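Trainee: PDB, C-alpha atoms, file final_18.pdb:
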ATOM      1  CA  MET A   1     -11.756  -4.609   0.583  1.00  0.00           C
ATOM      2  CA  LEU A   2      -8.827  -3.509   2.684  1.00  0.00           C
ATOM      3  CA  GLU A   3     -10.257  -4.541   6.039  1.00  0.00           C
ATOM      4  CA  GLU A   4     -10.652  -8.085   4.682  1.00  0.00           C
ATOM      5  CA  ILE A   5      -6.880  -8.505   4.454  1.00  0.00           C
ATOM      6  CA  MET A   6      -5.736  -6.435   7.412  1.00  0.00           C
ATOM      7  CA  PRO A   7      -5.463  -7.679  11.015  1.00  0.00           C
ATOM      8  CA  PRO A   8      -8.079  -6.313  13.437  1.00  0.00           C
ATOM      9  CA  TRP A   9      -5.607  -3.985  15.153  1.00  0.00           C
ATOM     10  CA  VAL A  10      -5.299  -1.928  11.945  1.00  0.00           C
ATOM     11  CA  ALA A  11      -7.881   0.801  11.268  1.00  0.00           C
ATOM     12  CA  THR A  12      -8.779   1.254   7.614  1.00  0.00           C
ATOM     13  CA  ALA A  13     -10.881   3.496   5.404  1.00  0.00           C
ATOM     14  CA  GLU A  14     -11.579   3.330   1.676  1.00  0.00           C
ATOM     15  CA  LEU A  15     -13.656   5.083  -0.972  1.00  0.00           C
ATOM     16  CA  PHE A  16     -14.440   4.124  -4.554  1.00  0.00           C
ATOM     17  CA  GLY A  17     -14.943   7.641  -5.864  1.00  0.00           C
ATOM     18  CA  ASP A  18     -14.147  11.272  -5.169  1.00  0.00           C
ATOM     19  CA  PRO A  19     -16.883  13.115  -3.202  1.00  0.00           C
ATOM     20  CA  LEU A  20     -17.134  16.732  -4.313  1.00  0.00           C
ATOM     21  CA  ASP A  21     -17.619  18.228  -0.841  1.00  0.00           C
ATOM     22  CA  LEU A  22     -14.355  17.135   0.771  1.00  0.00           C
ATOM     23  CA  THR A  23     -12.268  19.732   2.575  1.00  0.00           C
ATOM     24  CA  LEU A  24      -8.787  19.226   3.962  1.00  0.00           C
ATOM     25  CA  PHE A  25      -6.588  21.110   6.373  1.00  0.00           C
ATOM     26  CA  PRO A  26      -4.981  24.186   4.766  1.00  0.00           C
ATOM     27  CA  GLU A  27      -1.538  22.610   5.164  1.00  0.00           C
ATOM     28  CA  GLU A  28      -2.706  19.608   3.142  1.00  0.00           C
ATOM     29  CA  GLU A  29      -4.361  21.715   0.444  1.00  0.00           C
ATOM     30  CA  ALA A  30      -1.109  23.605   0.033  1.00  0.00           C
ATOM     31  CA  LEU A  31       0.646  20.374  -0.996  1.00  0.00           C
ATOM     32  CA  VAL A  32      -1.403  20.151  -4.206  1.00  0.00           C
ATOM     33  CA  SER A  33      -2.169  23.811  -4.837  1.00  0.00           C
ATOM     34  CA  GLY A  34      -0.322  23.753  -8.146  1.00  0.00           C
ATOM     35  CA  SER A  35      -1.508  20.325  -9.296  1.00  0.00           C
ATOM     36  CA  GLY A  36      -4.099  19.450 -11.916  1.00  0.00           C
ATOM     37  CA  ASP A  37      -7.691  18.562 -11.098  1.00  0.00           C
ATOM     38  CA  LYS A  38      -7.186  14.790 -11.238  1.00  0.00           C
ATOM     39  CA  ARG A  39      -4.259  14.910  -8.825  1.00  0.00           C
ATOM     40  CA  ARG A  40      -6.114  17.231  -6.428  1.00  0.00           C
ATOM     41  CA  ARG A  41      -9.165  14.942  -6.374  1.00  0.00           C
ATOM     42  CA  GLU A  42      -7.220  11.765  -5.674  1.00  0.00           C
ATOM     43  CA  PHE A  43      -5.105  13.533  -3.048  1.00  0.00           C
ATOM     44  CA  ARG A  44      -8.123  14.984  -1.242  1.00  0.00           C
ATOM     45  CA  THR A  45      -9.973  11.678  -1.164  1.00  0.00           C
ATOM     46  CA  SER A  46      -6.895   9.757  -0.054  1.00  0.00           C
ATOM     47  CA  ARG A  47      -6.213  12.221   2.762  1.00  0.00           C
ATOM     48  CA  HIS A  48      -9.885  12.085   3.721  1.00  0.00           C
ATOM     49  CA  CYS A  49      -9.500   8.306   4.051  1.00  0.00           C
ATOM     50  CA  ALA A  50      -6.483   8.908   6.265  1.00  0.00           C
ATOM     51  CA  HIS A  51      -8.568  11.189   8.497  1.00  0.00           C
ATOM     52  CA  LEU A  52     -11.333   8.576   8.703  1.00  0.00           C
ATOM     53  CA  ALA A  53      -8.842   5.849   9.592  1.00  0.00           C
ATOM     54  CA  LEU A  54      -7.305   8.003  12.345  1.00  0.00           C
ATOM     55  CA  ARG A  55     -10.772   8.674  13.739  1.00  0.00           C
ATOM     56  CA  ARG A  56     -11.483   4.925  13.766  1.00  0.00           C
ATOM     57  CA  LEU A  57      -8.249   4.548  15.696  1.00  0.00           C
ATOM     58  CA  GLY A  58      -9.696   6.919  18.309  1.00  0.00           C
ATOM     59  CA  MET A  59      -7.735  10.007  17.260  1.00  0.00           C
ATOM     60  CA  ASP A  60      -8.896  13.427  16.149  1.00  0.00           C
ATOM     61  CA  PRO A  61      -8.097  14.037  12.475  1.00  0.00           C
ATOM     62  CA  ARG A  62      -5.032  16.156  11.881  1.00  0.00           C
ATOM     63  CA  PRO A  63      -2.974  17.162   8.846  1.00  0.00           C
ATOM     64  CA  VAL A  64      -1.230  14.256   7.143  1.00  0.00           C
ATOM     65  CA  LEU A  65       1.675  15.919   5.374  1.00  0.00           C
ATOM     66  CA  ARG A  66       4.618  14.592   3.359  1.00  0.00           C
ATOM     67  CA  GLY A  67       7.911  13.328   4.714  1.00  0.00           C
ATOM     68  CA  ASP A  68      10.928  11.777   3.016  1.00  0.00           C
ATOM     69  CA  ARG A  69      10.287  10.609  -0.560  1.00  0.00           C
ATOM     70  CA  GLY A  70       6.698  11.826  -0.294  1.00  0.00           C
ATOM     71  CA  ALA A  71       5.692   9.310   2.386  1.00  0.00           C
ATOM     72  CA  PRO A  72       2.815  10.492   4.604  1.00  0.00           C
ATOM     73  CA  THR A  73       3.691  11.710   8.090  1.00  0.00           C
ATOM     74  CA  TRP A  74       1.623  10.324  10.952  1.00  0.00           C
ATOM     75  CA  PRO A  75       1.043  11.397  14.560  1.00  0.00           C
ATOM     76  CA  PRO A  76       3.578  10.152  17.130  1.00  0.00           C
ATOM     77  CA  GLY A  77       3.053   6.491  17.939  1.00  0.00           C
ATOM     78  CA  VAL A  78       1.097   5.842  14.734  1.00  0.00           C
ATOM     79  CA  VAL A  79       2.204   4.111  11.551  1.00  0.00           C
ATOM     80  CA  GLY A  80       0.226   4.007   8.345  1.00  0.00           C
ATOM     81  CA  SER A  81       0.050   3.910   4.594  1.00  0.00           C
ATOM     82  CA  ILE A  82      -2.044   5.487   1.819  1.00  0.00           C
ATOM     83  CA  THR A  83      -2.814   4.230  -1.681  1.00  0.00           C
ATOM     84  CA  HIS A  84      -4.906   5.248  -4.655  1.00  0.00           C
ATOM     85  CA  CYS A  85      -5.605   4.086  -8.184  1.00  0.00           C
ATOM     86  CA  ALA A  86      -8.408   4.634 -10.666  1.00  0.00           C
ATOM     87  CA  GLY A  87     -11.682   4.120  -8.783  1.00  0.00           C
ATOM     88  CA  TYR A  88     -10.149   3.440  -5.381  1.00  0.00           C
ATOM     89  CA  ARG A  89      -8.581   5.397  -2.474  1.00  0.00           C
ATOM     90  CA  ALA A  90      -7.606   3.925   0.897  1.00  0.00           C
ATOM     91  CA  ALA A  91      -5.612   4.394   4.080  1.00  0.00           C
ATOM     92  CA  ALA A  92      -4.577   2.128   6.947  1.00  0.00           C
ATOM     93  CA  VAL A  93      -3.181   3.135  10.361  1.00  0.00           C
ATOM     94  CA  ALA A  94      -2.235   1.447  13.629  1.00  0.00           C
ATOM     95  CA  ARG A  95      -0.798   2.268  17.030  1.00  0.00           C
ATOM     96  CA  GLY A  96       2.186   0.536  18.525  1.00  0.00           C
ATOM     97  CA  ALA A  97       3.167  -1.290  15.327  1.00  0.00           C
ATOM     98  CA  LEU A  98       6.380  -1.136  13.331  1.00  0.00           C
ATOM     99  CA  SER A  99       5.133  -0.486   9.824  1.00  0.00           C
ATOM    100  CA  ILE A 100       2.251  -0.744   7.354  1.00  0.00           C
ATOM    101  CA  GLY A 101       2.345  -0.901   3.579  1.00  0.00           C
ATOM    102  CA  ILE A 102      -0.691  -0.980   1.289  1.00  0.00           C
ATOM    103  CA  ASP A 103      -1.114  -0.721  -2.464  1.00  0.00           C
ATOM    104  CA  ALA A 104      -3.983  -0.830  -4.952  1.00  0.00           C
ATOM    105  CA  GLU A 105      -3.868  -1.370  -8.694  1.00  0.00           C
ATOM    106  CA  PRO A 106      -6.444  -1.892 -11.440  1.00  0.00           C
ATOM    107  CA  HIS A 107      -6.665  -5.562 -12.397  1.00  0.00           C
ATOM    108  CA  LEU A 108      -5.402  -4.985 -15.920  1.00  0.00           C
ATOM    109  CA  PRO A 109      -2.545  -6.386 -17.998  1.00  0.00           C
ATOM    110  CA  MET A 110       0.870  -4.947 -17.252  1.00  0.00           C
ATOM    111  CA  PRO A 111       2.249  -2.513 -19.831  1.00  0.00           C
ATOM    112  CA  ARG A 112       4.741  -4.094 -22.175  1.00  0.00           C
ATOM    113  CA  GLY A 113       8.178  -4.543 -20.636  1.00  0.00           C
ATOM    114  CA  VAL A 114       7.231  -3.616 -17.065  1.00  0.00           C
ATOM    115  CA  LEU A 115       7.084  -7.169 -15.703  1.00  0.00           C
ATOM    116  CA  GLU A 116      10.583  -7.886 -17.003  1.00  0.00           C
ATOM    117  CA  ARG A 117      11.903  -4.876 -15.059  1.00  0.00           C
ATOM    118  CA  THR A 118      10.107  -5.669 -11.809  1.00  0.00           C
ATOM    119  CA  ALA A 119      10.212  -9.485 -11.539  1.00  0.00           C
ATOM    120  CA  THR A 120      12.849 -12.177 -11.647  1.00  0.00           C
ATOM    121  CA  PRO A 121      12.269 -14.960 -14.207  1.00  0.00           C
ATOM    122  CA  ALA A 122      11.354 -17.326 -11.348  1.00  0.00           C
ATOM    123  CA  GLU A 123       8.786 -14.877  -9.954  1.00  0.00           C
ATOM    124  CA  ALA A 124       7.223 -14.329 -13.366  1.00  0.00           C
ATOM    125  CA  ALA A 125       6.994 -18.092 -14.023  1.00  0.00           C
ATOM    126  CA  ALA A 126       5.392 -18.758 -10.625  1.00  0.00           C
ATOM    127  CA  LEU A 127       2.557 -16.304 -11.309  1.00  0.00           C
ATOM    128  CA  ASP A 128       0.866 -18.853 -13.578  1.00  0.00           C
ATOM    129  CA  LEU A 129       0.282 -21.095 -10.557  1.00  0.00           C
ATOM    130  CA  LEU A 130      -2.149 -18.555  -9.098  1.00  0.00           C
ATOM    131  CA  GLY A 131      -4.752 -19.227 -11.755  1.00  0.00           C
ATOM    132  CA  LEU A 132      -5.552 -15.531 -12.130  1.00  0.00           C
ATOM    133  CA  PRO A 133      -5.857 -13.628 -15.405  1.00  0.00           C
ATOM    134  CA  ASP A 134      -3.074 -11.073 -15.859  1.00  0.00           C
ATOM    135  CA  PRO A 135      -1.333 -11.793 -12.517  1.00  0.00           C
ATOM    136  CA  GLY A 136       1.625  -9.486 -13.238  1.00  0.00           C
ATOM    137  CA  ARG A 137      -0.180  -6.554 -11.625  1.00  0.00           C
ATOM    138  CA  LEU A 138      -0.563  -8.546  -8.429  1.00  0.00           C
ATOM    139  CA  LEU A 139       3.187  -9.012  -8.173  1.00  0.00           C
ATOM    140  CA  PHE A 140       3.769  -5.327  -8.950  1.00  0.00           C
ATOM    141  CA  SER A 141       1.277  -4.321  -6.240  1.00  0.00           C
ATOM    142  CA  ALA A 142       2.867  -6.628  -3.674  1.00  0.00           C
ATOM    143  CA  LYS A 143       6.267  -5.063  -4.327  1.00  0.00           C
ATOM    144  CA  GLU A 144       4.815  -1.573  -3.958  1.00  0.00           C
ATOM    145  CA  ALA A 145       3.325  -2.557  -0.583  1.00  0.00           C
ATOM    146  CA  ILE A 146       6.679  -4.047   0.431  1.00  0.00           C
ATOM    147  CA  TYR A 147       8.491  -0.797  -0.328  1.00  0.00           C
ATOM    148  CA  LYS A 148       5.948   1.228   1.657  1.00  0.00           C
ATOM    149  CA  ALA A 149       6.468  -1.058   4.652  1.00  0.00           C
ATOM    150  CA  TRP A 150      10.253  -1.119   4.162  1.00  0.00           C
ATOM    151  CA  TYR A 151      11.145   2.542   3.820  1.00  0.00           C
ATOM    152  CA  PRO A 152       9.850   3.809   7.208  1.00  0.00           C
ATOM    153  CA  LEU A 153      11.881   1.081   8.923  1.00  0.00           C
ATOM    154  CA  THR A 154      15.163   1.711   7.121  1.00  0.00           C
ATOM    155  CA  GLY A 155      15.098   5.097   5.381  1.00  0.00           C
ATOM    156  CA  HIS A 156      16.726   3.404   2.389  1.00  0.00           C
ATOM    157  CA  TRP A 157      15.602   2.762  -1.174  1.00  0.00           C
ATOM    158  CA  LEU A 158      14.485  -0.757  -2.110  1.00  0.00           C
ATOM    159  CA  GLY A 159      14.455  -1.754  -5.757  1.00  0.00           C
ATOM    160  CA  PHE A 160      11.893  -4.084  -7.318  1.00  0.00           C
ATOM    161  CA  LEU A 161      14.480  -6.847  -7.714  1.00  0.00           C
ATOM    162  CA  ASP A 162      15.669  -6.474  -4.106  1.00  0.00           C
ATOM    163  CA  ALA A 163      12.533  -8.279  -2.877  1.00  0.00           C
ATOM    164  CA  THR A 164      11.715 -11.803  -4.033  1.00  0.00           C
ATOM    165  CA  VAL A 165       8.009 -12.525  -3.637  1.00  0.00           C
ATOM    166  CA  THR A 166       6.459 -15.955  -3.226  1.00  0.00           C
ATOM    167  CA  PHE A 167       2.684 -16.392  -3.348  1.00  0.00           C
ATOM    168  CA  ALA A 168       1.134 -19.231  -1.372  1.00  0.00           C
ATOM    169  CA  THR A 169      -0.340 -21.847  -3.704  1.00  0.00           C
ATOM    170  CA  SER A 170      -1.161 -24.645  -1.270  1.00  0.00           C
ATOM    171  CA  PRO A 171      -4.771 -25.944  -0.963  1.00  0.00           C
ATOM    172  CA  PRO A 172      -7.431 -24.741  -0.742  1.00  0.00           C
ATOM    173  CA  PRO A 173      -7.215 -23.272  -4.270  1.00  0.00           C
ATOM    174  CA  LEU A 174      -6.883 -19.513  -4.459  1.00  0.00           C
ATOM    175  CA  THR A 175     -10.061 -17.844  -5.679  1.00  0.00           C
ATOM    176  CA  GLY A 176      -9.166 -14.186  -5.515  1.00  0.00           C
ATOM    177  CA  SER A 177      -7.312 -13.801  -2.234  1.00  0.00           C
ATOM    178  CA  GLY A 178      -4.294 -15.236  -0.493  1.00  0.00           C
ATOM    179  CA  THR A 179      -0.972 -14.591   1.171  1.00  0.00           C
ATOM    180  CA  PHE A 180       2.541 -13.801   0.057  1.00  0.00           C
ATOM    181  CA  ALA A 181       6.012 -13.608   1.550  1.00  0.00           C
ATOM    182  CA  ALA A 182       8.990 -11.502   0.508  1.00  0.00           C
ATOM    183  CA  GLU A 183      12.649 -12.208   1.091  1.00  0.00           C
ATOM    184  CA  ILE A 184      14.760  -9.028   1.096  1.00  0.00           C
ATOM    185  CA  SER A 185      18.287  -9.168  -0.322  1.00  0.00           C
ATOM    186  CA  VAL A 186      19.396  -5.748   0.974  1.00  0.00           C
ATOM    187  CA  HIS A 187      20.855  -5.904   4.468  1.00  0.00           C
ATOM    188  CA  GLY A 188      21.638  -3.374   7.183  1.00  0.00           C
ATOM    189  CA  PRO A 189      21.626  -3.198  10.999  1.00  0.00           C
ATOM    190  CA  GLY A 190      18.124  -3.985  12.200  1.00  0.00           C
ATOM    191  CA  TRP A 191      16.650  -4.068   8.714  1.00  0.00           C
ATOM    192  CA  PRO A 192      13.896  -6.622   8.104  1.00  0.00           C
ATOM    193  CA  ALA A 193      14.875  -9.625   5.996  1.00  0.00           C
ATOM    194  CA  ARG A 194      11.346 -10.855   5.370  1.00  0.00           C
ATOM    195  CA  PHE A 195       7.804  -9.524   5.082  1.00  0.00           C
ATOM    196  CA  GLU A 196       4.508 -11.365   5.027  1.00  0.00           C
ATOM    197  CA  GLY A 197       1.367  -9.935   3.481  1.00  0.00           C
ATOM    198  CA  ARG A 198      -2.063 -10.626   2.062  1.00  0.00           C
ATOM    199  CA  TRP A 199      -3.765  -9.830  -1.227  1.00  0.00           C
ATOM    200  CA  LEU A 200      -7.278  -9.573  -2.621  1.00  0.00           C
ATOM    201  CA  VAL A 201      -8.571  -9.338  -6.184  1.00  0.00           C
ATOM    202  CA  SER A 202     -12.186  -8.188  -6.500  1.00  0.00           C
ATOM    203  CA  GLY A 203     -14.305  -5.891  -8.629  1.00  0.00           C
ATOM    204  CA  GLY A 204     -11.558  -5.133 -11.105  1.00  0.00           C
ATOM    205  CA  LEU A 205      -9.117  -4.077  -8.362  1.00  0.00           C
ATOM    206  CA  ILE A 206      -6.044  -5.567  -6.715  1.00  0.00           C
ATOM    207  CA  VAL A 207      -5.251  -4.672  -3.105  1.00  0.00           C
ATOM    208  CA  THR A 208      -2.141  -5.827  -1.240  1.00  0.00           C
ATOM    209  CA  ALA A 209      -1.272  -5.206   2.395  1.00  0.00           C
ATOM    210  CA  ILE A 210       1.536  -5.721   4.900  1.00  0.00           C
ATOM    211  CA  ALA A 211       1.189  -5.013   8.615  1.00  0.00           C
ATOM    212  CA  VAL A 212       4.279  -5.451  10.799  1.00  0.00           C
ATOM    213  CA  PRO A 213       3.394  -5.671  14.498  1.00  0.00           C
ATOM    214  CA  ALA A 214       5.698  -4.535  17.240  1.00  0.00           C
ATOM    215  CA  PRO A 215       7.847  -7.340  18.663  1.00  0.00           C
ATOM    216  CA  SER A 216       6.498  -9.127  21.717  1.00  0.00           C
ATOM    217  CA  PRO A 217       8.025  -7.917  25.001  1.00  0.00           C
TER     218      PRO A 217
END
Would you mind writing the file's structure down as structure tokens?
Mentor:
Amino acid sequence: MLEEIMPPWVATAELFGDPLDLTLFPEEEALVSGSGDKRRREFRTSRHCAHLALRRLGMDPRPVLRGDRGAPTWPPGVVGSITHCAGYRAAAVARGALSIGIDAEPHLPMPRGVLERTATPAEAAALDLLGLPDPGRLLFSAKEAIYKAWYPLTGHWLGFLDATVTFATSPPPLTGSGTFAAEISVHGPGWPARFEGRWLVSGGLIVTAIAVPAPSP
């Protein structure tokens, strides 16, 4: 799924279950040593995806630890992102880029009250134009991907209402995939004011992705 919405210069890996024979680096295992079984399984599989993505980028796997606010730490010169939800784990990495943000969610209705806290009235009203059942999760996922792309570039928190998302609705009609843009209302020196991303809905899952290339010389 993920490679369908990522540019070719991004290496991706994804799994739809948790293999029982996965082993991580001791430093990674230590991060979840006190966690429950569910958390350990999703962490191991997600980190395994990160190792696979690094290998596809031409790098030897190495520990992917936690940095600020729990964000994964990548080798020098590499940016990346990790996501997981029920039935899906994935990672995306690239060299020489500015930032990557990915998110996955089950394609299910939003819990009561969540959409009102994460979307402006205009954003919520525009979701109906997509022609998707229960599109609130798609907006939520896009904003999660935006934050993951935003934080490594700024080191600052970004609230759900600080990014206004617009989904493309021009012909041809959307049938489960498309693009989106986000205007950021929080400003600082060198901070991005806009992101562009892609989304895919398939097999009961929603995947959103943003890849910010390095500026042209």
Trainee: Run through the PyMOL selection byres ((chain A and resi 61) around 6) on the given coordinates and return the selected residues as a ChimeraX atom specification.
Mentor: /A:51,60,62
Trainee: List the residues selected by the PyMOL selection byres ((chain A and resi 83) around 10) in the file shown, writing them as an MDAnalysis selection string.
Mentor: chainID A and resid 14 42:43 46:47 49:50 81:82 84:85 88:92 101:105 144:145 148 207
Trainee: Of the residues A:Ala149, A:Ala214, A:Leu158, A:Val186, which is the one nearest to Gly96 (chain A), using only C-alpha atoms?
Mentor: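 Counting only C-alpha atoms, the residue closest to Gly96 (chain A) is A:Ala214.
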Trainee: Using the chain letters and numbers from the file, which residues does the PyMOL selection byres ((chain A and resi 211) around 9) grab, as a compact mmCIF listing (two decimals) with C-alpha atoms, in the coordinates of the input?
Mentor:
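Printed below is result-v6.txt as written:
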# COMPACT_ATOMS: atom_id res chain seq x y z
CA MET A 6 -5.74 -6.44 7.41
CA PRO A 7 -5.46 -7.68 11.02
CA VAL A 10 -5.30 -1.93 11.94
CA ALA A 94 -2.24 1.45 13.63
CA ALA A 97 3.17 -1.29 15.33
CA LEU A 98 6.38 -1.14 13.33
CA SER A 99 5.13 -0.49 9.82
CA ILE A 100 2.25 -0.74 7.35
CA GLY A 101 2.35 -0.90 3.58
CA ILE A 102 -0.69 -0.98 1.29
CA ALA A 149 6.47 -1.06 4.65
CA PHE A 195 7.80 -9.52 5.08
CA GLU A 196 4.51 -11.36 5.03
CA GLY A 197 1.37 -9.94 3.48
CA ALA A 209 -1.27 -5.21 2.40
CA ILE A 210 1.54 -5.72 4.90
CA VAL A 212 4.28 -5.45 10.80
CA PRO A 213 3.39 -5.67 14.50
Trainee: Restricting the calculation to only C-alpha atoms, which member of A:Thr73, A:Thr208, A:Ser33, A:Ser216 is positioned closest to Met1 (chain A)?
Mentor: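 Ranking A:Thr73, A:Thr208, A:Ser33, A:Ser216 by distance to Met1 (chain A), first place goes to A:Thr208.
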Trainee: Identify which of the residues A:Gly136, A:Ala13, A:Pro152, A:Leu129 lies closest to Val78 (chain A), counting only C-alpha atoms when measuring atom-to-atom distances.
Mentor: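 Closest to Val78 (chain A), using only C-alpha atoms: A:Pro152.
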Trainee: Can you pull out the residues contacting Gly190 (chain A)? Cut-off 12 Å, using all atoms listed in the file, and skip same-chain residues under 6 positions away; I want them as a ChimeraX atom specification.
Mentor: /A:150,153-155
Trainee: May I ask which of the residues A:Val201, A:Val79, A:Leu127, A:Leu115 is the closest one to Phe160 (chain A), counting all atoms listed in the file?
Mentor: A:Leu115
Trainee: Provide the CA of Pro76 (chain A) to CA of Glu4 (chain A) distance in Å, to one decimal place.
Mentor: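 Going from CA of Pro76 (chain A) over to CA of Glu4 (chain A) covers 26.3 Å.
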Trainee: Where's the centre, and what are the edge lengths in Å to one decimal, of a box along x, y and z enclosing all listed atoms of region 128-144 of chain A padded 6 Å per side, as JSON?
Mentor:
{"center_x": 0.2, "center_y": -11.3, "center_z": -9.8, "size_x": 24.1, "size_y": 31.5, "size_z": 24.2}
Trainee: One number please: CA of His107 (chain A) to CA of Ile206 (chain A), in Å, one decimal.
Mentor: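 Those two atoms sit 5.7 Å apart.
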